[in-house]
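What's in data_16.txt: compact mmCIF, N, CA and C atoms
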```txt
# COMPACT_ATOMS: atom_id res chain seq x y z
N MET A 1 90.94 64.72 136.97
CA MET A 1 90.41 64.56 135.62
C MET A 1 91.31 65.23 134.58
N SER A 2 91.82 66.44 134.88
CA SER A 2 92.67 67.12 133.92
C SER A 2 93.99 66.39 133.72
N ARG A 3 94.45 65.70 134.75
CA ARG A 3 95.68 64.91 134.63
C ARG A 3 95.48 63.75 133.66
N LEU A 4 94.31 63.12 133.69
CA LEU A 4 93.97 62.03 132.78
C LEU A 4 93.91 62.54 131.34
N ILE A 5 93.29 63.68 131.12
CA ILE A 5 93.20 64.26 129.78
C ILE A 5 94.60 64.61 129.27
N PHE A 6 95.43 65.19 130.13
CA PHE A 6 96.80 65.52 129.75
C PHE A 6 97.58 64.27 129.36
N SER A 7 97.41 63.20 130.13
CA SER A 7 98.10 61.94 129.84
C SER A 7 97.64 61.37 128.51
N ILE A 8 96.36 61.39 128.26
CA ILE A 8 95.82 60.87 127.00
C ILE A 8 96.34 61.69 125.82
N LEU A 9 96.33 63.00 125.94
CA LEU A 9 96.83 63.86 124.86
C LEU A 9 98.32 63.65 124.62
N THR A 10 99.09 63.47 125.68
CA THR A 10 100.52 63.22 125.54
C THR A 10 100.78 61.90 124.83
N ILE A 11 100.09 60.86 125.22
CA ILE A 11 100.24 59.54 124.59
C ILE A 11 99.82 59.60 123.13
N ALA A 12 98.70 60.26 122.84
CA ALA A 12 98.23 60.38 121.45
C ALA A 12 99.23 61.14 120.60
N THR A 13 99.82 62.18 121.15
CA THR A 13 100.82 62.96 120.41
C THR A 13 102.04 62.11 120.07
N VAL A 14 102.50 61.34 121.03
CA VAL A 14 103.67 60.48 120.81
C VAL A 14 103.36 59.40 119.79
N ILE A 15 102.20 58.79 119.89
CA ILE A 15 101.84 57.69 118.99
C ILE A 15 101.63 58.17 117.57
N PHE A 16 100.95 59.30 117.41
CA PHE A 16 100.57 59.74 116.07
C PHE A 16 101.52 60.76 115.45
N SER A 17 102.57 61.14 116.14
CA SER A 17 103.48 62.15 115.58
C SER A 17 104.17 61.64 114.32
N SER A 18 104.50 60.37 114.25
CA SER A 18 105.16 59.85 113.05
C SER A 18 104.21 59.78 111.88
N CYS A 19 102.93 59.78 112.12
CA CYS A 19 101.95 59.71 111.04
C CYS A 19 101.83 61.04 110.32
N THR A 20 102.23 62.12 110.95
CA THR A 20 102.03 63.43 110.35
C THR A 20 103.32 64.06 109.84
N SER A 21 104.46 63.41 110.04
CA SER A 21 105.71 64.03 109.58
C SER A 21 105.87 63.86 108.08
N LYS A 22 106.36 64.91 107.46
CA LYS A 22 106.58 64.88 106.02
C LYS A 22 107.78 65.78 105.73
N TYR A 23 108.82 65.24 105.12
CA TYR A 23 109.98 66.04 104.80
C TYR A 23 110.67 65.45 103.58
N ALA A 24 111.45 66.28 102.93
CA ALA A 24 112.21 65.84 101.77
C ALA A 24 113.63 65.54 102.21
N ILE A 25 114.16 64.44 101.73
CA ILE A 25 115.55 64.10 102.04
C ILE A 25 116.48 65.13 101.42
N LEU A 26 116.20 65.51 100.20
CA LEU A 26 117.03 66.49 99.51
C LEU A 26 116.30 67.82 99.48
N ASP A 27 116.19 68.47 100.62
CA ASP A 27 115.48 69.74 100.68
C ASP A 27 116.41 70.95 100.56
N ARG A 28 117.69 70.69 100.40
CA ARG A 28 118.63 71.79 100.24
C ARG A 28 119.81 71.32 99.40
N ASN A 29 120.54 72.28 98.87
CA ASN A 29 121.72 71.98 98.07
C ASN A 29 122.88 71.68 99.02
N ILE A 30 123.49 70.51 98.88
CA ILE A 30 124.54 70.11 99.82
C ILE A 30 125.94 70.19 99.21
N GLU A 31 126.11 70.98 98.16
CA GLU A 31 127.43 71.14 97.56
C GLU A 31 128.38 71.76 98.57
N THR A 32 129.60 71.28 98.58
CA THR A 32 130.57 71.79 99.54
C THR A 32 131.52 72.81 98.92
N GLU A 33 131.65 72.80 97.62
CA GLU A 33 132.52 73.77 96.96
C GLU A 33 131.89 74.22 95.66
N GLU A 34 132.24 75.41 95.24
CA GLU A 34 131.68 75.97 94.02
C GLU A 34 132.27 75.27 92.80
N ILE A 35 131.42 75.02 91.82
CA ILE A 35 131.86 74.40 90.57
C ILE A 35 131.92 75.49 89.52
N ALA A 36 133.06 75.61 88.85
CA ALA A 36 133.24 76.62 87.80
C ALA A 36 133.88 75.95 86.58
N ILE A 37 133.06 75.72 85.58
CA ILE A 37 133.54 75.08 84.35
C ILE A 37 133.68 76.17 83.29
N PRO A 38 134.87 76.33 82.73
CA PRO A 38 135.02 77.35 81.69
C PRO A 38 134.31 76.91 80.41
N GLY A 39 133.54 77.80 79.85
CA GLY A 39 132.83 77.50 78.62
C GLY A 39 131.52 78.23 78.54
N LYS A 40 131.03 78.35 77.33
CA LYS A 40 129.76 79.03 77.08
C LYS A 40 128.70 77.95 76.87
N LEU A 41 127.77 77.87 77.80
CA LEU A 41 126.71 76.86 77.74
C LEU A 41 125.69 77.26 76.68
N ILE A 42 125.51 76.39 75.67
CA ILE A 42 124.57 76.72 74.60
C ILE A 42 123.33 75.83 74.61
N ALA A 43 123.39 74.67 75.29
CA ALA A 43 122.21 73.80 75.32
C ALA A 43 122.31 72.80 76.47
N ILE A 44 121.14 72.50 77.05
CA ILE A 44 121.05 71.47 78.08
C ILE A 44 119.91 70.54 77.69
N GLU A 45 120.21 69.26 77.67
CA GLU A 45 119.19 68.25 77.39
C GLU A 45 119.02 67.40 78.65
N ILE A 46 117.78 67.30 79.13
CA ILE A 46 117.49 66.46 80.30
C ILE A 46 116.80 65.20 79.80
N VAL A 47 117.40 64.05 80.11
CA VAL A 47 116.86 62.76 79.68
C VAL A 47 116.58 61.92 80.92
N ASP A 48 115.33 61.52 81.08
CA ASP A 48 114.96 60.69 82.23
C ASP A 48 115.13 59.23 81.84
N GLU A 49 116.18 58.59 82.35
CA GLU A 49 116.49 57.20 81.99
C GLU A 49 115.98 56.19 83.02
N ARG A 50 115.17 56.64 83.96
CA ARG A 50 114.62 55.71 84.95
C ARG A 50 113.62 54.79 84.26
N SER A 51 113.72 53.50 84.54
CA SER A 51 112.86 52.53 83.86
C SER A 51 111.47 52.42 84.48
N ASN A 52 111.30 52.88 85.69
CA ASN A 52 110.04 52.67 86.38
C ASN A 52 109.26 53.97 86.61
N VAL A 53 109.39 54.93 85.71
CA VAL A 53 108.68 56.20 85.84
C VAL A 53 107.18 55.98 85.64
N THR A 54 106.40 56.64 86.48
CA THR A 54 104.95 56.47 86.42
C THR A 54 104.24 57.79 86.71
N SER A 55 103.02 57.89 86.26
CA SER A 55 102.20 59.06 86.58
C SER A 55 101.40 58.82 87.86
N LYS A 56 101.52 57.62 88.42
CA LYS A 56 100.83 57.29 89.67
C LYS A 56 101.33 58.17 90.80
N ARG A 57 100.40 58.67 91.61
CA ARG A 57 100.77 59.49 92.77
C ARG A 57 101.06 58.58 93.95
N ILE A 58 101.96 59.02 94.81
CA ILE A 58 102.28 58.25 96.01
C ILE A 58 101.05 58.21 96.91
N LYS A 59 100.82 57.08 97.53
CA LYS A 59 99.66 56.90 98.40
C LYS A 59 100.04 57.28 99.83
N LEU A 60 99.41 58.35 100.32
CA LEU A 60 99.62 58.80 101.69
C LEU A 60 98.28 58.70 102.43
N ASN A 61 98.19 57.77 103.36
CA ASN A 61 96.96 57.59 104.11
C ASN A 61 96.80 58.70 105.14
N VAL A 62 95.55 59.02 105.47
CA VAL A 62 95.29 60.00 106.52
C VAL A 62 95.81 59.47 107.85
N LEU A 63 95.62 58.20 108.08
CA LEU A 63 96.10 57.54 109.29
C LEU A 63 96.92 56.34 108.85
N SER A 64 98.16 56.26 109.30
CA SER A 64 99.01 55.15 108.87
C SER A 64 99.40 54.29 110.07
N PHE A 65 99.76 53.07 109.76
CA PHE A 65 100.15 52.10 110.77
C PHE A 65 101.51 51.51 110.40
N PRO A 66 102.25 51.02 111.38
CA PRO A 66 103.57 50.45 111.09
C PRO A 66 103.50 49.37 110.01
N GLY A 67 104.44 49.44 109.09
CA GLY A 67 104.50 48.45 108.02
C GLY A 67 103.90 48.94 106.71
N GLN A 68 103.11 50.00 106.73
CA GLN A 68 102.54 50.52 105.49
C GLN A 68 103.62 51.28 104.73
N SER A 69 103.62 51.13 103.41
CA SER A 69 104.61 51.84 102.61
C SER A 69 104.15 51.98 101.18
N ASP A 70 104.77 52.89 100.47
CA ASP A 70 104.54 53.08 99.05
C ASP A 70 105.78 53.75 98.47
N LYS A 71 106.09 53.44 97.23
CA LYS A 71 107.28 53.99 96.58
C LYS A 71 106.97 54.16 95.10
N VAL A 72 107.15 55.36 94.57
CA VAL A 72 106.91 55.63 93.15
C VAL A 72 108.04 56.49 92.60
N SER A 73 108.25 56.39 91.31
CA SER A 73 109.20 57.25 90.59
C SER A 73 108.38 58.14 89.66
N PRO A 74 108.00 59.32 90.14
CA PRO A 74 107.11 60.18 89.36
C PRO A 74 107.80 60.84 88.17
N ILE A 75 107.00 61.21 87.21
CA ILE A 75 107.48 61.95 86.04
C ILE A 75 107.99 63.30 86.51
N LEU A 76 109.11 63.75 85.94
CA LEU A 76 109.65 65.08 86.29
C LEU A 76 108.63 66.15 85.90
N ASN A 77 108.38 67.08 86.80
CA ASN A 77 107.48 68.18 86.45
C ASN A 77 108.30 69.38 85.99
N ASN A 78 107.62 70.41 85.53
CA ASN A 78 108.30 71.59 84.98
C ASN A 78 109.17 72.28 86.02
N GLU A 79 108.71 72.35 87.26
CA GLU A 79 109.48 73.00 88.32
C GLU A 79 110.78 72.25 88.59
N GLN A 80 110.73 70.92 88.62
CA GLN A 80 111.93 70.13 88.84
C GLN A 80 112.91 70.28 87.68
N GLU A 81 112.39 70.27 86.45
CA GLU A 81 113.26 70.46 85.29
C GLU A 81 113.93 71.82 85.33
N GLN A 82 113.19 72.85 85.73
CA GLN A 82 113.76 74.19 85.80
C GLN A 82 114.85 74.27 86.87
N LEU A 83 114.64 73.61 88.01
CA LEU A 83 115.67 73.57 89.05
C LEU A 83 116.95 72.92 88.54
N ILE A 84 116.80 71.84 87.78
CA ILE A 84 117.96 71.15 87.21
C ILE A 84 118.67 72.07 86.21
N LEU A 85 117.91 72.71 85.33
CA LEU A 85 118.50 73.62 84.35
C LEU A 85 119.25 74.77 85.03
N ASP A 86 118.63 75.35 86.04
CA ASP A 86 119.27 76.46 86.76
C ASP A 86 120.55 76.01 87.45
N GLN A 87 120.53 74.82 88.05
CA GLN A 87 121.71 74.33 88.76
C GLN A 87 122.85 74.08 87.79
N ILE A 88 122.56 73.42 86.69
CA ILE A 88 123.61 73.13 85.70
C ILE A 88 124.15 74.43 85.10
N SER A 89 123.27 75.36 84.81
CA SER A 89 123.70 76.64 84.23
C SER A 89 124.65 77.38 85.16
N SER A 90 124.44 77.24 86.46
CA SER A 90 125.28 77.96 87.42
C SER A 90 126.72 77.44 87.44
N TYR A 91 126.99 76.29 86.87
CA TYR A 91 128.33 75.71 86.87
C TYR A 91 129.26 76.33 85.82
N PHE A 92 128.70 77.03 84.83
CA PHE A 92 129.49 77.50 83.71
C PHE A 92 129.78 78.99 83.78
N SER A 93 131.04 79.31 83.51
CA SER A 93 131.44 80.71 83.40
C SER A 93 131.64 80.99 81.92
N ASP A 94 131.71 82.24 81.57
CA ASP A 94 131.93 82.57 80.17
C ASP A 94 133.28 82.06 79.71
N GLY A 95 133.30 81.57 78.51
CA GLY A 95 134.54 81.09 77.93
C GLY A 95 134.38 81.00 76.43
N GLU A 96 135.43 80.63 75.76
CA GLU A 96 135.39 80.54 74.31
C GLU A 96 134.71 79.28 73.81
N THR A 97 134.90 78.19 74.51
CA THR A 97 134.38 76.90 74.07
C THR A 97 132.87 76.82 74.30
N GLU A 98 132.16 76.41 73.25
CA GLU A 98 130.71 76.21 73.37
C GLU A 98 130.47 74.81 73.92
N VAL A 99 129.56 74.71 74.87
CA VAL A 99 129.33 73.45 75.56
C VAL A 99 127.85 73.08 75.49
N LYS A 100 127.59 71.80 75.16
CA LYS A 100 126.25 71.23 75.24
C LYS A 100 126.27 70.19 76.35
N VAL A 101 125.25 70.18 77.20
CA VAL A 101 125.20 69.26 78.33
C VAL A 101 124.02 68.32 78.16
N ARG A 102 124.28 67.05 78.42
CA ARG A 102 123.22 66.04 78.46
C ARG A 102 123.14 65.55 79.89
N CYS A 103 122.03 65.79 80.56
CA CYS A 103 121.84 65.40 81.95
C CYS A 103 120.92 64.18 81.98
N ALA A 104 121.46 63.06 82.42
CA ALA A 104 120.69 61.81 82.48
C ALA A 104 120.23 61.57 83.92
N ILE A 105 118.94 61.45 84.11
CA ILE A 105 118.38 61.12 85.42
C ILE A 105 118.34 59.60 85.49
N ILE A 106 119.16 59.00 86.36
CA ILE A 106 119.25 57.54 86.43
C ILE A 106 118.58 56.97 87.67
N GLY A 107 118.21 57.82 88.61
CA GLY A 107 117.55 57.34 89.81
C GLY A 107 116.81 58.46 90.49
N GLY A 108 115.74 58.12 91.16
CA GLY A 108 114.97 59.11 91.91
C GLY A 108 113.58 58.57 92.18
N PHE A 109 113.11 58.77 93.39
CA PHE A 109 111.79 58.27 93.75
C PHE A 109 111.24 59.01 94.95
N GLN A 110 109.94 58.85 95.17
CA GLN A 110 109.28 59.30 96.39
C GLN A 110 108.94 58.05 97.17
N GLU A 111 109.14 58.10 98.48
CA GLU A 111 108.87 56.92 99.29
C GLU A 111 108.18 57.32 100.58
N PHE A 112 107.22 56.52 100.97
CA PHE A 112 106.54 56.68 102.25
C PHE A 112 106.59 55.35 102.98
N SER A 113 106.97 55.39 104.24
CA SER A 113 106.91 54.17 105.05
C SER A 113 106.56 54.57 106.48
N ALA A 114 105.73 53.79 107.10
CA ALA A 114 105.30 54.05 108.47
C ALA A 114 106.04 53.10 109.41
N HIS A 115 106.50 53.67 110.51
CA HIS A 115 107.21 52.90 111.51
C HIS A 115 106.57 53.17 112.88
N THR A 116 106.90 52.37 113.85
CA THR A 116 106.35 52.55 115.18
C THR A 116 106.81 53.86 115.79
N PHE A 117 108.07 54.19 115.65
CA PHE A 117 108.58 55.43 116.24
C PHE A 117 109.08 56.36 115.18
```

Could you express the structure from this file as structure tokens?
Amino acid sequence: MSRLIFSILTIATVIFSSCTSKYAILDRNIETEEIAIPGKLIAIEIVDERSNVTSKRIKLNVLSFPGQSDKVSPILNNEQEQLILDQISSYFSDGETEVKVRCAIIGGFQEFSAHTF
């Protein structure tokens, strides 16, 4: 009897493991070399140029099946904007030239898709 329960639990784990995985593709900074731009940064403007930005939240089902998917381009939140500002600021060293930066967001989305494996 315990062998049957073990087999059922093993099969259920394998089948449903893809339903519970959640990770970010860009969960870390992948820069390979340090960027050092001479100049004094005086302003950063972030402009979201994505045409399909929405306040709709991505739909994540409690239980998913192969073929289900959803894709949204959410509005930038304050935390994301601050990460962008901090990253851009880190590129500049002190210098004589005053620099203004315009950062255009041209692509970005959240996507969910369910597959068999």

So how far away is atom CA of A:Phe109 from atom C of A:Ser89, in Å?
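Between atom C of A:Ser89 and atom CA of A:Phe109 the gap is 24.6 Å.
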
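Every protein, DNA or RNA residue with an atom at most 7 Å from A:Ser90, where only N, CA and C atoms count and chain neighbours fewer than 3 positions away do not, is listed here: Ile35, Ala36, Ile37, Leu85, Asp86, Gln87 and Ser93 of chain A.
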
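The smallest atom-to-atom distance between A:Gln82 and any of A:Phe112, A:Val53, A:Ile44, A:Ser69, using only C-alpha atoms, is found for A:Ile44.
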
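Take atom CA of A:Leu83 and atom CA of A:Cys103: the distance between them is 12.5 Å.
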
Could you jot down the atom CA of A:Pro74 to atom N of A:Ile106 separation for me, Å, one decimal place?
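Interatomic distance here is 12.5 Å.
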
Using all atoms listed in the file, what residues lie at most 6 Å away from (129.8, 83.8, 77.7) (file coordinates), given as a list in words?
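Output of the proximity query reads Gly39, Lys40, Ser93, Asp94 and Gly95 of chain A.
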
Give me a file of those residues, with N, CA and C atoms, as a PDB file, keeping the file's coordinate frame.
```pdb
ATOM      1  N   GLY A  39     133.540  77.800  79.850  1.00  0.00           N
ATOM      2  CA  GLY A  39     132.830  77.500  78.620  1.00  0.00           C
ATOM      3  C   GLY A  39     131.520  78.230  78.540  1.00  0.00           C
ATOM      4  N   LYS A  40     131.030  78.350  77.330  1.00  0.00           N
ATOM      5  CA  LYS A  40     129.760  79.030  77.080  1.00  0.00           C
ATOM      6  C   LYS A  40     128.700  77.950  76.870  1.00  0.00           C
ATOM      7  N   SER A  93     131.040  79.310  83.510  1.00  0.00           N
ATOM      8  CA  SER A  93     131.440  80.710  83.400  1.00  0.00           C
ATOM      9  C   SER A  93     131.640  80.990  81.920  1.00  0.00           C
ATOM     10  N   ASP A  94     131.710  82.240  81.570  1.00  0.00           N
ATOM     11  CA  ASP A  94     131.930  82.570  80.170  1.00  0.00           C
ATOM     12  C   ASP A  94     133.280  82.060  79.710  1.00  0.00           C
ATOM     13  N   GLY A  95     133.300  81.570  78.510  1.00  0.00           N
ATOM     14  CA  GLY A  95     134.540  81.090  77.930  1.00  0.00           C
ATOM     15  C   GLY A  95     134.380  81.000  76.430  1.00  0.00           C
TER      16      GLY A  95
END
```

Got a sec to tell me which of stretch 22-110 of chain A DSSP assigns to strand (DSSP E or B), as a PyMOL selection string?
chain A and resi 37-48+53-54+69-74+92-105+110

Restrict the selected residues to N, CA and C atoms and save them as a compact mmCIF listing (two decimals), in the coordinates of the input.
```
# COMPACT_ATOMS: atom_id res chain seq x y z
N ILE A 37 133.06 75.72 85.58
CA ILE A 37 133.54 75.08 84.35
C ILE A 37 133.68 76.17 83.29
N PRO A 38 134.87 76.33 82.73
CA PRO A 38 135.02 77.35 81.69
C PRO A 38 134.31 76.91 80.41
N GLY A 39 133.54 77.80 79.85
CA GLY A 39 132.83 77.50 78.62
C GLY A 39 131.52 78.23 78.54
N LYS A 40 131.03 78.35 77.33
CA LYS A 40 129.76 79.03 77.08
C LYS A 40 128.70 77.95 76.87
N LEU A 41 127.77 77.87 77.80
CA LEU A 41 126.71 76.86 77.74
C LEU A 41 125.69 77.26 76.68
N ILE A 42 125.51 76.39 75.67
CA ILE A 42 124.57 76.72 74.60
C ILE A 42 123.33 75.83 74.61
N ALA A 43 123.39 74.67 75.29
CA ALA A 43 122.21 73.80 75.32
C ALA A 43 122.31 72.80 76.47
N ILE A 44 121.14 72.50 77.05
CA ILE A 44 121.05 71.47 78.08
C ILE A 44 119.91 70.54 77.69
N GLU A 45 120.21 69.26 77.67
CA GLU A 45 119.19 68.25 77.39
C GLU A 45 119.02 67.40 78.65
N ILE A 46 117.78 67.30 79.13
CA ILE A 46 117.49 66.46 80.30
C ILE A 46 116.80 65.20 79.80
N VAL A 47 117.40 64.05 80.11
CA VAL A 47 116.86 62.76 79.68
C VAL A 47 116.58 61.92 80.92
N ASP A 48 115.33 61.52 81.08
CA ASP A 48 114.96 60.69 82.23
C ASP A 48 115.13 59.23 81.84
N VAL A 53 109.39 54.93 85.71
CA VAL A 53 108.68 56.20 85.84
C VAL A 53 107.18 55.98 85.64
N THR A 54 106.40 56.64 86.48
CA THR A 54 104.95 56.47 86.42
C THR A 54 104.24 57.79 86.71
N SER A 69 103.62 51.13 103.41
CA SER A 69 104.61 51.84 102.61
C SER A 69 104.15 51.98 101.18
N ASP A 70 104.77 52.89 100.47
CA ASP A 70 104.54 53.08 99.05
C ASP A 70 105.78 53.75 98.47
N LYS A 71 106.09 53.44 97.23
CA LYS A 71 107.28 53.99 96.58
C LYS A 71 106.97 54.16 95.10
N VAL A 72 107.15 55.36 94.57
CA VAL A 72 106.91 55.63 93.15
C VAL A 72 108.04 56.49 92.60
N SER A 73 108.25 56.39 91.31
CA SER A 73 109.20 57.25 90.59
C SER A 73 108.38 58.14 89.66
N PRO A 74 108.00 59.32 90.14
CA PRO A 74 107.11 60.18 89.36
C PRO A 74 107.80 60.84 88.17
N PHE A 92 128.70 77.03 84.83
CA PHE A 92 129.49 77.50 83.71
C PHE A 92 129.78 78.99 83.78
N SER A 93 131.04 79.31 83.51
CA SER A 93 131.44 80.71 83.40
C SER A 93 131.64 80.99 81.92
N ASP A 94 131.71 82.24 81.57
CA ASP A 94 131.93 82.57 80.17
C ASP A 94 133.28 82.06 79.71
N GLY A 95 133.30 81.57 78.51
CA GLY A 95 134.54 81.09 77.93
C GLY A 95 134.38 81.00 76.43
N GLU A 96 135.43 80.63 75.76
CA GLU A 96 135.39 80.54 74.31
C GLU A 96 134.71 79.28 73.81
N THR A 97 134.90 78.19 74.51
CA THR A 97 134.38 76.90 74.07
C THR A 97 132.87 76.82 74.30
N GLU A 98 132.16 76.41 73.25
CA GLU A 98 130.71 76.21 73.37
C GLU A 98 130.47 74.81 73.92
N VAL A 99 129.56 74.71 74.87
CA VAL A 99 129.33 73.45 75.56
C VAL A 99 127.85 73.08 75.49
N LYS A 100 127.59 71.80 75.16
CA LYS A 100 126.25 71.23 75.24
C LYS A 100 126.27 70.19 76.35
N VAL A 101 125.25 70.18 77.20
CA VAL A 101 125.20 69.26 78.33
C VAL A 101 124.02 68.32 78.16
N ARG A 102 124.28 67.05 78.42
CA ARG A 102 123.22 66.04 78.46
C ARG A 102 123.14 65.55 79.89
N CYS A 103 122.03 65.79 80.56
CA CYS A 103 121.84 65.40 81.95
C CYS A 103 120.92 64.18 81.98
N ALA A 104 121.46 63.06 82.42
CA ALA A 104 120.69 61.81 82.48
C ALA A 104 120.23 61.57 83.92
N ILE A 105 118.94 61.45 84.11
CA ILE A 105 118.38 61.12 85.42
C ILE A 105 118.34 59.60 85.49
N GLN A 110 109.94 58.85 95.17
CA GLN A 110 109.28 59.30 96.39
C GLN A 110 108.94 58.05 97.17
```

Determine, counting all atoms listed in the file, which protein, DNA and RNA residues have an atom within 8 Å of an atom of stretch 58-63 of chain A; residues of the same chain fewer than 5 positions away are not included. Present the result as a PyMOL selection string.
chain A and resi 19-20+69-74+110-112

Just checking: using only C-alpha atoms, which residue out of A:Lys100, A:His115, A:Arg3, A:Arg50 ends up closest to A:Gly67?
A:His115

Nearest to A:Ser64 among A:Ile88, A:Ile5, A:Ala114, A:Glu33, with distances taken over only N, CA and C atoms: which residue is it?
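Selected residue with least distance to A:Ser64: A:Ala114.
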